[in-house]
>>> print(open('upload.cif').read())   # mmCIF, C-alpha atoms
data_model
loop_
_atom_site.label_atom_id
_atom_site.label_comp_id
_atom_site.auth_asym_id
_atom_site.auth_seq_id
_atom_site.Cartn_x
_atom_site.Cartn_y
_atom_site.Cartn_z
CA MET A 508 1.17 -51.59 57.10
CA ARG A 509 1.17 -49.60 53.88
CA ILE A 510 0.87 -50.35 50.19
CA GLY A 511 3.00 -48.56 47.61
CA GLU A 512 2.31 -48.39 43.87
CA GLY A 513 4.71 -47.62 41.06
CA TRP A 514 4.59 -47.28 37.28
CA ASP A 515 7.16 -46.44 34.62
CA VAL A 516 7.50 -46.42 30.85
CA HIS A 517 10.47 -45.93 28.53
CA ALA A 518 10.78 -45.77 24.76
CA LEU A 519 12.61 -48.54 22.90
CA VAL A 520 15.52 -47.26 20.81
CA PRO A 521 18.45 -48.78 18.90
CA GLY A 522 21.95 -48.64 20.32
CA ARG A 523 21.16 -49.30 23.98
CA PRO A 524 21.12 -52.55 25.97
CA LEU A 525 17.74 -53.77 27.19
CA VAL A 526 17.93 -54.01 30.98
CA ILE A 527 14.80 -55.16 32.83
CA GLY A 528 14.74 -56.24 36.45
CA GLY A 529 18.51 -55.89 36.69
CA VAL A 530 18.95 -58.45 33.88
CA THR A 531 20.28 -57.70 30.39
CA VAL A 532 17.80 -59.20 27.94
CA PRO A 533 19.08 -59.94 24.41
CA TYR A 534 17.21 -57.69 21.96
CA GLU A 535 18.01 -55.35 19.08
CA ARG A 536 16.81 -52.28 21.00
CA GLY A 537 17.02 -51.00 24.54
CA LEU A 538 15.20 -48.48 26.72
CA LEU A 539 15.92 -44.77 26.48
CA GLY A 540 16.59 -42.95 29.73
CA HIS A 541 19.00 -40.92 31.83
CA SER A 542 20.08 -43.99 33.81
CA ASP A 543 20.08 -47.55 32.45
CA ALA A 544 16.29 -47.03 32.03
CA ASP A 545 15.37 -50.26 33.83
CA VAL A 546 11.62 -49.78 33.67
CA LEU A 547 10.84 -52.56 36.16
CA LEU A 548 13.28 -51.42 38.83
CA HIS A 549 12.07 -47.85 38.42
CA ALA A 550 8.47 -48.95 39.04
CA ILE A 551 9.51 -50.94 42.12
CA THR A 552 11.61 -48.03 43.40
CA ASP A 553 8.62 -45.70 43.04
CA ALA A 554 6.37 -48.20 44.84
CA LEU A 555 8.80 -48.45 47.75
CA LEU A 556 9.26 -44.71 48.12
CA GLY A 557 5.55 -44.03 47.73
CA GLY A 558 4.52 -46.65 50.25
CA ALA A 559 6.83 -45.09 52.83
CA GLY A 560 5.54 -41.60 52.03
CA LEU A 561 8.94 -40.52 50.70
CA GLY A 562 7.91 -39.15 47.32
CA ASP A 563 9.06 -40.67 44.06
CA ILE A 564 12.15 -41.72 42.13
CA GLY A 565 12.49 -38.30 40.46
CA ARG A 566 12.70 -36.58 43.82
CA HIS A 567 15.49 -38.84 45.08
CA PHE A 568 17.36 -39.54 41.82
CA PRO A 569 16.51 -36.69 39.39
CA ASP A 570 17.31 -37.07 35.71
CA THR A 571 18.72 -33.54 35.83
CA ASP A 572 21.56 -34.71 38.08
CA ASP A 573 24.65 -35.96 36.24
CA ARG A 574 25.46 -38.29 39.17
CA PHE A 575 22.68 -40.54 37.90
CA LYS A 576 23.56 -40.43 34.19
CA GLY A 577 23.96 -44.05 33.10
CA ALA A 578 23.30 -45.23 36.67
CA ASP A 579 22.71 -48.89 37.41
CA SER A 580 19.11 -49.00 38.62
CA VAL A 581 19.96 -51.85 41.00
CA GLY A 582 22.01 -49.33 42.97
CA LEU A 583 19.11 -46.85 42.95
CA LEU A 584 16.75 -49.58 44.16
CA LYS A 585 19.12 -50.53 46.99
CA GLU A 586 19.43 -46.89 48.05
CA ALA A 587 15.64 -46.42 47.97
CA ALA A 588 15.20 -49.56 50.08
CA ALA A 589 17.74 -48.24 52.59
CA ARG A 590 15.80 -44.97 52.83
CA VAL A 591 12.54 -46.87 53.31
CA GLY A 592 14.19 -48.93 56.05
CA ALA A 593 15.55 -45.79 57.72
CA ALA A 594 12.00 -44.43 57.77
CA GLY A 595 10.93 -47.46 59.83
CA TRP A 596 9.51 -49.79 57.18
CA THR A 597 10.23 -53.41 56.24
CA ILE A 598 9.39 -54.82 52.81
CA ALA A 599 6.95 -57.73 53.04
CA ASN A 600 6.61 -58.43 49.32
CA VAL A 601 6.82 -57.03 45.81
CA ASP A 602 4.41 -57.85 42.98
CA SER A 603 5.16 -56.46 39.53
CA THR A 604 4.20 -56.65 35.88
CA VAL A 605 6.23 -55.82 32.79
CA VAL A 606 4.20 -55.02 29.67
CA ALA A 607 6.17 -55.60 26.47
CA GLN A 608 5.09 -56.79 23.04
CA ALA A 609 8.61 -58.09 22.46
CA PRO A 610 10.96 -59.64 23.35
CA LYS A 611 9.55 -62.63 25.18
CA LEU A 612 10.47 -62.16 28.83
CA ALA A 613 9.39 -65.51 30.30
CA PRO A 614 12.90 -67.05 30.02
CA HIS A 615 14.29 -64.17 32.12
CA ILE A 616 11.67 -63.92 34.88
CA ASP A 617 13.46 -66.14 37.42
CA ALA A 618 16.72 -64.19 36.99
CA MET A 619 14.81 -60.92 37.46
CA ARG A 620 13.13 -62.21 40.62
CA ASP A 621 16.46 -63.37 42.03
CA ARG A 622 18.20 -60.07 41.19
CA ILE A 623 15.42 -57.98 42.75
CA ALA A 624 15.23 -60.19 45.85
CA GLN A 625 19.01 -59.98 46.31
CA ALA A 626 18.99 -56.19 45.92
CA LEU A 627 16.23 -55.84 48.51
CA GLY A 628 17.50 -58.49 50.94
CA LEU A 629 14.39 -60.61 50.40
CA ALA A 630 13.76 -64.26 49.64
CA PRO A 631 12.89 -64.86 45.97
CA GLY A 632 9.43 -66.00 47.11
CA GLN A 633 8.75 -62.46 48.32
CA VAL A 634 9.22 -61.07 44.81
CA ASN A 635 6.88 -61.72 41.90
CA VAL A 636 7.45 -60.63 38.31
CA LYS A 637 4.86 -61.18 35.59
CA ALA A 638 5.20 -60.49 31.86
CA LYS A 639 2.31 -59.47 29.63
CA THR A 640 1.89 -58.17 26.11
CA ALA A 641 -0.31 -55.23 25.16
CA GLU A 642 -2.13 -57.31 22.52
CA ARG A 643 -0.62 -55.02 19.85
CA LEU A 644 -2.47 -52.00 21.26
CA GLY A 645 -0.95 -48.56 21.94
CA PRO A 646 2.75 -47.66 21.98
CA VAL A 647 3.71 -50.78 23.95
CA GLY A 648 1.74 -53.07 21.64
CA GLN A 649 3.31 -51.41 18.60
CA GLY A 650 6.79 -52.09 19.98
CA GLN A 651 7.62 -48.45 20.66
CA SER A 652 7.97 -48.74 24.45
CA ILE A 653 7.92 -51.02 27.48
CA GLU A 654 6.13 -50.27 30.72
CA ALA A 655 6.09 -51.76 34.19
CA ARG A 656 3.85 -51.63 37.24
CA ALA A 657 4.62 -52.62 40.80
CA VAL A 658 3.02 -52.80 44.21
CA VAL A 659 4.76 -53.40 47.51
CA LEU A 660 3.52 -54.15 50.98
CA LEU A 661 5.46 -52.41 53.74
CA LEU A 662 5.27 -53.30 57.42
CA GLN A 663 6.14 -50.85 60.16
CA ASP A 664 9.16 -51.89 62.24
#
>>> encode(input="upload.cif", output="structure tokens")
Amino acid sequence: MRIGEGWDVHALVPGRPLVIGGVTVPYERGLLGHSDADVLLHAITDALLGGAGLGDIGRHFPDTDDRFKGADSVGLLKEAAARVGAAGWTIANVDSTVVAQAPKLAPHIDAMRDRIAQALGLAPGQVNVKAKTAERLGPVGQGQSIEARAVVLLLQD
């Protein structure tokens, strides 16, 4: 078995939808990025790839490649999971945390868990998503960005 860890952060900007965990969250700003900037799915993707020893999201889906401009991060997550599976690993569980001062994410957590589980072919009980604030500290706490962390447990086939 192996453990993978992932982390991501994106700036909040006007004029973009806020997509977290594959779910569009109503808010006046969204995350800036080459793809849809889904900070949670990017952290989970990194955790999967890292746990399997396959590098990171930038190696597989570089932001210098126009194929990934505006990409749906659910598709990137599915592709990363397929690569992890091809390397001989099965996902046992995902545990993740989104750190955002606003908006309140609690009403969207179940939808995020379901979307992530569906994308990875897991039961919702194998996916955990937590939401925290930064207690008004740093760029996240000042509402300038949102970050996410994830860990995954992989089992060898």
>>> atom_distance(input="upload.cif", atom1="CA of Ala599 (chain A)", atom2="CA of Leu660 (chain A)")
5.4 Å
>>> residues_around(input="upload.cif", residues="region 633-644 of chain A", least_positions_apart="6", cutoff="6 Å", atoms="only C-alpha atoms", output="ChimeraX atom specification")
/A:600-608,620
>>> resolve_selection(input="upload.cif", expression="the PyMOL selection byres ((chain A and resi 545-554) around 8)", output="PyMOL selection string")
chain A and resi 510-517+525-529+538+542-544+555-558+562-564+580-581+583-584+587-588+601+603-605+623+653-659
>>> closest_residue(input="upload.cif", among="A:Arg536, A:Gly577, A:Thr531, A:Asp664", to="Ile616 (chain A)", atoms="all atoms listed in the file")
A:Thr531
>>> closest_residue(input="upload.cif", among="A:Val530, A:Pro569, A:Ala559, A:Met619", to="Ala594 (chain A)", atoms="all atoms listed in the file")
A:Ala559
>>> atom_distance(input="upload.cif", atom1="CA of Ala589 (chain A)", atom2="CA of Leu561 (chain A)")
11.9 Å
>>> residues_around(input="upload.cif", residues="Pro521 (chain A)", least_positions_apart="5", cutoff="12 Å", atoms="only C-alpha atoms", output="ChimeraX atom specification")
/A:534-539,651-652
>>> atom_distance(input="upload.cif", atom1="CA of Ala626 (chain A)", atom2="CA of Lys585 (chain A)")
5.8 Å
>>> closest_residue(input="upload.cif", among="A:Arg566, A:Asp579, A:Pro610, A:Val532", to="Val647 (chain A)", atoms="only C-alpha atoms")
A:Pro610
>>> closest_residue(input="upload.cif", among="A:Gly582, A:Gly592, A:Gly565, A:Pro646", to="Arg622 (chain A)", atoms="all atoms listed in the file")
A:Gly582
>>> decode(input="upload.cif", residues="region 639-651 of chain A", atoms="all heavy atoms", output="PDB file, in the first residue's frame")
ATOM      1  N   LYS A 639     -12.909  24.037   5.846  1.00  0.00           N
ATOM      2  CA  LYS A 639     -12.394  24.827   6.962  1.00  0.00           C
ATOM      3  C   LYS A 639     -12.239  26.268   6.508  1.00  0.00           C
ATOM      4  O   LYS A 639     -12.137  26.551   5.318  1.00  0.00           O
ATOM      5  CB  LYS A 639     -11.006  24.312   7.405  1.00  0.00           C
ATOM      6  CG  LYS A 639     -10.956  22.846   7.759  1.00  0.00           C
ATOM      7  CD  LYS A 639     -11.636  22.590   9.060  1.00  0.00           C
ATOM      8  CE  LYS A 639     -11.556  21.113   9.432  1.00  0.00           C
ATOM      9  NZ  LYS A 639     -12.367  20.801  10.558  1.00  0.00           N
ATOM     10  N   THR A 640     -12.162  27.178   7.468  1.00  0.00           N
ATOM     11  CA  THR A 640     -11.772  28.544   7.156  1.00  0.00           C
ATOM     12  C   THR A 640     -10.316  28.705   7.584  1.00  0.00           C
ATOM     13  O   THR A 640      -9.746  27.832   8.237  1.00  0.00           O
ATOM     14  CB  THR A 640     -12.626  29.585   7.912  1.00  0.00           C
ATOM     15  OG1 THR A 640     -12.308  29.523   9.295  1.00  0.00           O
ATOM     16  CG2 THR A 640     -14.113  29.357   7.679  1.00  0.00           C
ATOM     17  N   ALA A 641      -9.736  29.822   7.241  1.00  0.00           N
ATOM     18  CA  ALA A 641      -8.359  30.119   7.650  1.00  0.00           C
ATOM     19  C   ALA A 641      -8.349  31.099   8.820  1.00  0.00           C
ATOM     20  O   ALA A 641      -7.327  31.713   9.104  1.00  0.00           O
ATOM     21  CB  ALA A 641      -7.559  30.661   6.475  1.00  0.00           C
ATOM     22  N   GLU A 642      -9.503  31.266   9.467  1.00  0.00           N
ATOM     23  CA  GLU A 642      -9.620  32.162  10.628  1.00  0.00           C
ATOM     24  C   GLU A 642      -9.111  33.568  10.302  1.00  0.00           C
ATOM     25  O   GLU A 642      -8.472  34.217  11.113  1.00  0.00           O
ATOM     26  CB  GLU A 642      -8.879  31.571  11.834  1.00  0.00           C
ATOM     27  CG  GLU A 642      -9.394  30.207  12.285  1.00  0.00           C
ATOM     28  CD  GLU A 642     -10.827  30.234  12.786  1.00  0.00           C
ATOM     29  OE1 GLU A 642     -11.268  31.272  13.324  1.00  0.00           O
ATOM     30  OE2 GLU A 642     -11.523  29.213  12.639  1.00  0.00           O
ATOM     31  N   ARG A 643      -9.383  33.988   9.063  1.00  0.00           N
ATOM     32  CA  ARG A 643      -9.040  35.320   8.562  1.00  0.00           C
ATOM     33  C   ARG A 643      -7.531  35.582   8.477  1.00  0.00           C
ATOM     34  O   ARG A 643      -7.090  36.721   8.398  1.00  0.00           O
ATOM     35  CB  ARG A 643      -9.731  36.410   9.380  1.00  0.00           C
ATOM     36  CG  ARG A 643     -11.239  36.238   9.424  1.00  0.00           C
ATOM     37  CD  ARG A 643     -11.954  37.519   9.763  1.00  0.00           C
ATOM     38  NE  ARG A 643     -13.371  37.305   9.908  1.00  0.00           N
ATOM     39  CZ  ARG A 643     -14.243  37.108   8.909  1.00  0.00           C
ATOM     40  NH1 ARG A 643     -13.821  37.069   7.681  1.00  0.00           N
ATOM     41  NH2 ARG A 643     -15.519  36.931   9.142  1.00  0.00           N
ATOM     42  N   LEU A 644      -6.745  34.519   8.460  1.00  0.00           N
ATOM     43  CA  LEU A 644      -5.292  34.637   8.382  1.00  0.00           C
ATOM     44  C   LEU A 644      -4.791  34.344   6.975  1.00  0.00           C
ATOM     45  O   LEU A 644      -5.288  33.431   6.307  1.00  0.00           O
ATOM     46  CB  LEU A 644      -4.621  33.681   9.367  1.00  0.00           C
ATOM     47  CG  LEU A 644      -4.949  33.911  10.841  1.00  0.00           C
ATOM     48  CD1 LEU A 644      -4.373  32.790  11.688  1.00  0.00           C
ATOM     49  CD2 LEU A 644      -4.428  35.266  11.296  1.00  0.00           C
ATOM     50  N   GLY A 645      -3.768  35.069   6.524  1.00  0.00           N
ATOM     51  CA  GLY A 645      -3.128  34.822   5.241  1.00  0.00           C
ATOM     52  C   GLY A 645      -4.038  35.110   4.065  1.00  0.00           C
ATOM     53  O   GLY A 645      -5.154  35.604   4.220  1.00  0.00           O
ATOM     54  N   PRO A 646      -3.562  34.791   2.851  1.00  0.00           N
ATOM     55  CA  PRO A 646      -4.340  35.075   1.639  1.00  0.00           C
ATOM     56  C   PRO A 646      -5.696  34.367   1.609  1.00  0.00           C
ATOM     57  O   PRO A 646      -6.678  34.945   1.142  1.00  0.00           O
ATOM     58  CB  PRO A 646      -3.439  34.582   0.503  1.00  0.00           C
ATOM     59  CG  PRO A 646      -2.072  34.517   1.073  1.00  0.00           C
ATOM     60  CD  PRO A 646      -2.238  34.266   2.541  1.00  0.00           C
ATOM     61  N   VAL A 647      -5.760  33.143   2.115  1.00  0.00           N
ATOM     62  CA  VAL A 647      -7.046  32.436   2.139  1.00  0.00           C
ATOM     63  C   VAL A 647      -7.993  33.132   3.105  1.00  0.00           C
ATOM     64  O   VAL A 647      -9.150  33.410   2.787  1.00  0.00           O
ATOM     65  CB  VAL A 647      -6.865  30.947   2.503  1.00  0.00           C
ATOM     66  CG1 VAL A 647      -8.220  30.276   2.702  1.00  0.00           C
ATOM     67  CG2 VAL A 647      -6.073  30.219   1.432  1.00  0.00           C
ATOM     68  N   GLY A 648      -7.512  33.448   4.290  1.00  0.00           N
ATOM     69  CA  GLY A 648      -8.334  34.098   5.306  1.00  0.00           C
ATOM     70  C   GLY A 648      -8.781  35.492   4.926  1.00  0.00           C
ATOM     71  O   GLY A 648      -9.808  35.989   5.394  1.00  0.00           O
ATOM     72  N   GLN A 649      -8.019  36.133   4.036  1.00  0.00           N
ATOM     73  CA  GLN A 649      -8.377  37.469   3.560  1.00  0.00           C
ATOM     74  C   GLN A 649      -9.243  37.414   2.300  1.00  0.00           C
ATOM     75  O   GLN A 649      -9.545  38.436   1.699  1.00  0.00           O
ATOM     76  CB  GLN A 649      -7.099  38.274   3.301  1.00  0.00           C
ATOM     77  CG  GLN A 649      -6.330  38.543   4.578  1.00  0.00           C
ATOM     78  CD  GLN A 649      -4.935  39.088   4.309  1.00  0.00           C
ATOM     79  OE1 GLN A 649      -4.575  39.423   3.186  1.00  0.00           O
ATOM     80  NE2 GLN A 649      -4.135  39.159   5.357  1.00  0.00           N
ATOM     81  N   GLY A 650      -9.628  36.201   1.904  1.00  0.00           N
ATOM     82  CA  GLY A 650     -10.523  36.038   0.762  1.00  0.00           C
ATOM     83  C   GLY A 650      -9.860  36.201  -0.577  1.00  0.00           C
ATOM     84  O   GLY A 650     -10.539  36.398  -1.588  1.00  0.00           O
ATOM     85  N   GLN A 651      -8.546  36.097  -0.637  1.00  0.00           N
ATOM     86  CA  GLN A 651      -7.823  36.257  -1.901  1.00  0.00           C
ATOM     87  C   GLN A 651      -7.644  34.943  -2.651  1.00  0.00           C
ATOM     88  O   GLN A 651      -7.364  34.949  -3.850  1.00  0.00           O
ATOM     89  CB  GLN A 651      -6.452  36.871  -1.638  1.00  0.00           C
ATOM     90  CG  GLN A 651      -6.508  38.242  -1.041  1.00  0.00           C
ATOM     91  CD  GLN A 651      -5.139  38.731  -0.590  1.00  0.00           C
ATOM     92  OE1 GLN A 651      -4.149  38.020  -0.678  1.00  0.00           O
ATOM     93  NE2 GLN A 651      -5.090  39.949  -0.099  1.00  0.00           N
TER      94      GLN A 651
END
